[in-house]
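Student: Dumping the structure here so I can ask a few things about it.
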Amino acid sequence: MKLVNGLKMAKTTKIFLIDLKREYNFLKKEINQQINDCLCSQQWILGDKVEELEEAISKYLNLKYTVGVASGTDALTISLQALALKLKGKEFFDEADQIITTPFTFIATAEAILRAGAKIVFVDIEPDTFNIDPKKIKNAITKNTIGILPVHIFGLPSAMDEIKKIAKENGLFVVEDVAQAFGAKFKKRPVGSFGDVAAFSFFPTKNLGCYGDGGLVATDDFKVVESAKILRNHGQAKQYIADYIGYNSRLDSIQAAILLAKLKFVEKFNSLRKNVANKYNQALGAIKGITIPKQPKDCEHVYHLYTIKINKNLRDKLLNFLNRKGIQARVYYPVGLHKMKAFKCAKLTDELKITDEVTLSVISLPTHPFLEAEEIDYIIKTIESFFAKSR
Ligand SMILES: Cc1ncc(COP(=O)(O)O)c(C=O)c1O
């Protein structure tokens, strides 16, 4: 046994960012039953389970339609291309068409804009929410702007009132990237129900995740949902007749079945994440040198990741220290998308200084629903001991 500031932890301590084994042990009965249903029905692609899931999530979001697809990346791409079909009558935007998004996100957000044929316009983020800065969106609008793609990063809703107002004033569409924020609420309404279309990811580590890849498009727009269904299935308007260049992007029945089991627990799991975050907020908020995550008015954070900011000269030291102590902490994201070769073609409206600073100073801590109180204390004490030493 090792002693960290009076706390006993085994030498082999490993606290993961997300512990899917613990989650499975908790949900074993429901998940095994759902998988068994699939084995008995031998339905593997789309089918009853996918329809049941689509209905359940439409109800949860209070939206008319949802379309299960093969990943969050596909959900974004298909959302945009379905909008292209509606607005342009073809499945790709024109090269000059500009879509505004954040550079502080996972690659897929920007990738989808390029796949849909449009130009990426990166706008800087707010330093305390890490979400796109609505004030800077205004300055980035040109005659070629067609839409805005906000990301609810780490599970915190973007400023949807301001974003929607800007979109309305300028005749732009809004596609929400909800990959990290299933169940997060803005003014008590779940995110994903604000934009013209929303894209969800069910990657296993997400707040609602399956056992492989999966995603979902959500909308109230009948034209968009019709096009999304065609695009997810090889562009076939009728069987064996392709009208558009589509995808093989159908959600598997077994993934939908697993998601149906987990959906019932997503609110509970999100509230357990919030309890972990509250404990961190109290303890880490008292340490000079740590900026805890902001919880803006009207926003309900679901802490997909609990991300703190510290002095950039200490960041990698703390990261290594935590990892050595058996705590899996990580940097999301170490590089802004605007600095990546793949996105050199993007337009930058300014220097994106905040994103550059944030990429050097953030660390995400474990915040999953199955963390034990003793583990949370251990993480807190370990961080306290790091700052006590570095003073
Ligand atoms: C913000 C964001 N957008 C999009 C995606 C893409 O989702 P997927 O991995 O399911 O394709 C992810 C997931 O990693 C994400 O975090």
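Ordering of the structure tokens sets the chain letters (A, B, ...); residue numbers start at 1 within each chain; ligands are numbered from 1 in the order shown.
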Write out as JSON lines a residue-level contact list of stretch 81-139 of chain A versus stretch 282-300 of chain A with cut-off 12 Å: for each qualifying residue the closest pair of atoms and the distance in Å to one decimal, counting only C-alpha atoms, rows sorted by chain and residue number upward.

Tutor:
{"residue": "A:Glu126", "atom": "CA", "partner": "A:Lys294", "partner_atom": "CA", "distance": 10.6}
{"residue": "A:Pro127", "atom": "CA", "partner": "A:Lys294", "partner_atom": "CA", "distance": 9.7}
{"residue": "A:Asp128", "atom": "CA", "partner": "A:Lys294", "partner_atom": "CA", "distance": 5.9}
{"residue": "A:Thr129", "atom": "CA", "partner": "A:Lys294", "partner_atom": "CA", "distance": 5.8}
{"residue": "A:Phe130", "atom": "CA", "partner": "A:Pro293", "partner_atom": "CA", "distance": 9.1}
{"residue": "A:Asn131", "atom": "CA", "partner": "A:Lys294", "partner_atom": "CA", "distance": 10.8}

Student: Write out the residues from the selection above, keeping C-alpha atoms, as a PDB file, in the first residue's frame.

Tutor:
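Contents of again10.pdb, as written:
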ATOM      1  CA  GLU A 126     -14.470  31.795 -25.034  1.00  0.00           C
ATOM      2  CA  PRO A 127     -11.631  31.299 -22.527  1.00  0.00           C
ATOM      3  CA  ASP A 128     -13.860  30.046 -19.717  1.00  0.00           C
ATOM      4  CA  THR A 129     -16.475  27.859 -21.459  1.00  0.00           C
ATOM      5  CA  PHE A 130     -14.206  26.563 -24.276  1.00  0.00           C
ATOM      6  CA  ASN A 131     -17.224  26.952 -26.602  1.00  0.00           C
TER       7      ASN A 131
END

Student: At a cut-off of 7 Å, using only C-alpha atoms, what residues contact stretch 86-103 of chain A? Leave out same-chain residues fewer than 4 positions from it and give the result as a PyMOL selection string.

Tutor: chain A and resi 81-82+116-125+132+144-150+223-224+244+336-338

Student: So that I have them on file, write out the residues from the current selection with C-alpha atoms, as a compact mmCIF listing (two decimals), in the first residue's frame.

Tutor:
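See result_13.txt below for the written result:
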# COMPACT_ATOMS: atom_id res chain seq x y z
CA GLN A 81 -25.47 17.04 -46.81
CA ALA A 82 -29.20 16.70 -46.11
CA ALA A 116 -20.16 18.26 -47.46
CA GLY A 117 -18.23 20.39 -49.95
CA ALA A 118 -18.23 23.69 -47.99
CA LYS A 119 -15.44 25.90 -46.68
CA ILE A 120 -14.56 25.89 -42.98
CA VAL A 121 -14.42 29.23 -41.16
CA PHE A 122 -12.82 28.91 -37.72
CA VAL A 123 -13.91 31.35 -35.03
CA ASP A 124 -12.18 31.54 -31.65
CA ILE A 125 -13.62 30.21 -28.39
CA ILE A 132 -17.38 29.10 -29.74
CA ASN A 144 -20.97 33.43 -48.50
CA THR A 145 -21.80 32.27 -44.97
CA ILE A 146 -24.54 29.62 -45.01
CA GLY A 147 -24.45 28.11 -41.54
CA ILE A 148 -23.03 27.83 -38.03
CA LEU A 149 -21.85 24.58 -36.45
CA PRO A 150 -21.48 25.00 -32.67
CA LYS A 223 -37.17 17.32 -45.85
CA VAL A 224 -33.95 16.91 -43.90
CA TYR A 244 -27.32 10.71 -54.82
CA GLY A 336 -6.37 23.47 -32.43
CA LEU A 337 -7.82 22.21 -35.71
CA HIS A 338 -6.60 25.37 -37.49

Student: Could you name the residues that touch stretch 70-80 of chain A at 6 Å or less, counting only C-alpha atoms, but leaving out those on the same chain fewer than 5 positions away, as a ChimeraX atom specification?

Tutor: /A:108,112,199-201,213-217,228,249-251

Student: So how many Å separate atom CA of A:Gln34 and atom CA of A:Ala257, to one decimal?

Tutor: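 Distance between the two atoms: 5.3 Å.
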
Student: Have a look at atom CA of A:Asn25 and atom CA of A:Leu371 and let me know their distance in Å, one decimal.

Tutor: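 For atom CA of A:Asn25 relative to atom CA of A:Leu371, the distance reads 13.7 Å.
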
Student: Just asking: which residues within stretch 141-311 of chain A are strand (DSSP E or B) according to DSSP, as a VMD selection string?

Tutor: chain A and resid 145 to 149 151 173 to 177 185 to 186 189 to 190 197 to 201 215 to 219 233 236 to 238 241 to 242 248 252 290 to 291 299 to 300 306 to 310

Student: Under the rule that only C-alpha atoms are counted, which of A:Phe387, A:Phe203, A:Tyr60, A:Tyr333 is the nearest residue to A:Ser364?

Tutor: A:Tyr333

Student: Let me make sure I understand: among A:His152, A:Arg232, A:Arg189, A:Lys268, which one has the smallest atom-to-atom distance to ligand 1 if we use only C-alpha atoms and all ligand atoms?

Tutor: A:His152

Student: Point out the residue among A:Lys325, A:Glu375, A:Ile254, A:Asp133 with the least atom-to-atom distance to A:Gln42, counting only C-alpha atoms.

Tutor: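 Ranking A:Lys325, A:Glu375, A:Ile254, A:Asp133 by distance to A:Gln42, first place goes to A:Ile254.
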
Student: If I take atom CA of A:Thr367 and atom CA of A:Leu260, how far is one from the other in Å, to one decimal?

Tutor: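 Atom CA of A:Thr367 sits 22.8 Å away from atom CA of A:Leu260.
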
Student: What are the nearest atom pairs, with distances in Å to one decimal, for all residues of stretch 206-271 of chain A that come at most 8 Å from stretch 175-187 of chain A, using only C-alpha atoms, set out by chain and rising residue number as a Markdown table?

Tutor:
| residue | atom | partner | partner_atom | distance |
| --- | --- | --- | --- | --- |
| A:Lys206 | CA | A:Gln180 | CA | 6.1 |
| A:Asn207 | CA | A:Phe182 | CA | 6.1 |
| A:Leu208 | CA | A:Phe182 | CA | 6.4 |
| A:Val266 | CA | A:Gly183 | CA | 7.3 |
| A:Glu267 | CA | A:Gly183 | CA | 6.8 |
| A:Asn270 | CA | A:Gly183 | CA | 7.4 |

Student: Let's have the selection written as a short mmCIF file (atom, residue, chain, number, x, y, z; two decimals), in the first residue's frame, with C-alpha atoms.

Tutor:
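What landed in out_11.cif:
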data_model
loop_
_atom_site.label_atom_id
_atom_site.label_comp_id
_atom_site.auth_asym_id
_atom_site.auth_seq_id
_atom_site.Cartn_x
_atom_site.Cartn_y
_atom_site.Cartn_z
CA LYS A 206 -19.70 9.22 -24.74
CA ASN A 207 -22.31 9.98 -22.04
CA LEU A 208 -24.62 7.74 -24.06
CA VAL A 266 -28.52 8.45 -18.93
CA GLU A 267 -30.12 11.07 -16.64
CA ASN A 270 -25.30 12.46 -15.87
#

Student: Here is a test: counting only C-alpha atoms and all ligand atoms, which residue of A:Ile18, A:Ile137, A:Val302, A:Val69 is nearest to ligand 1?

Tutor: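 When distances to ligand 1 are compared using only C-alpha atoms and all ligand atoms, the smallest one comes from A:Val69.
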
Student: Rank nothing, just name the residue among A:Ser41, A:Asn248, A:Thr105, A:Ser193 nearest to ligand 1, using only C-alpha atoms and all ligand atoms.

Tutor: A:Thr105

Student: Which of these residues is nearest to A:Asp220, using only C-alpha atoms: A:Ile57, A:Leu83, A:Ile141, A:Leu63?

Tutor: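 The shortest atom-to-atom distance to A:Asp220 comes from A:Leu63.
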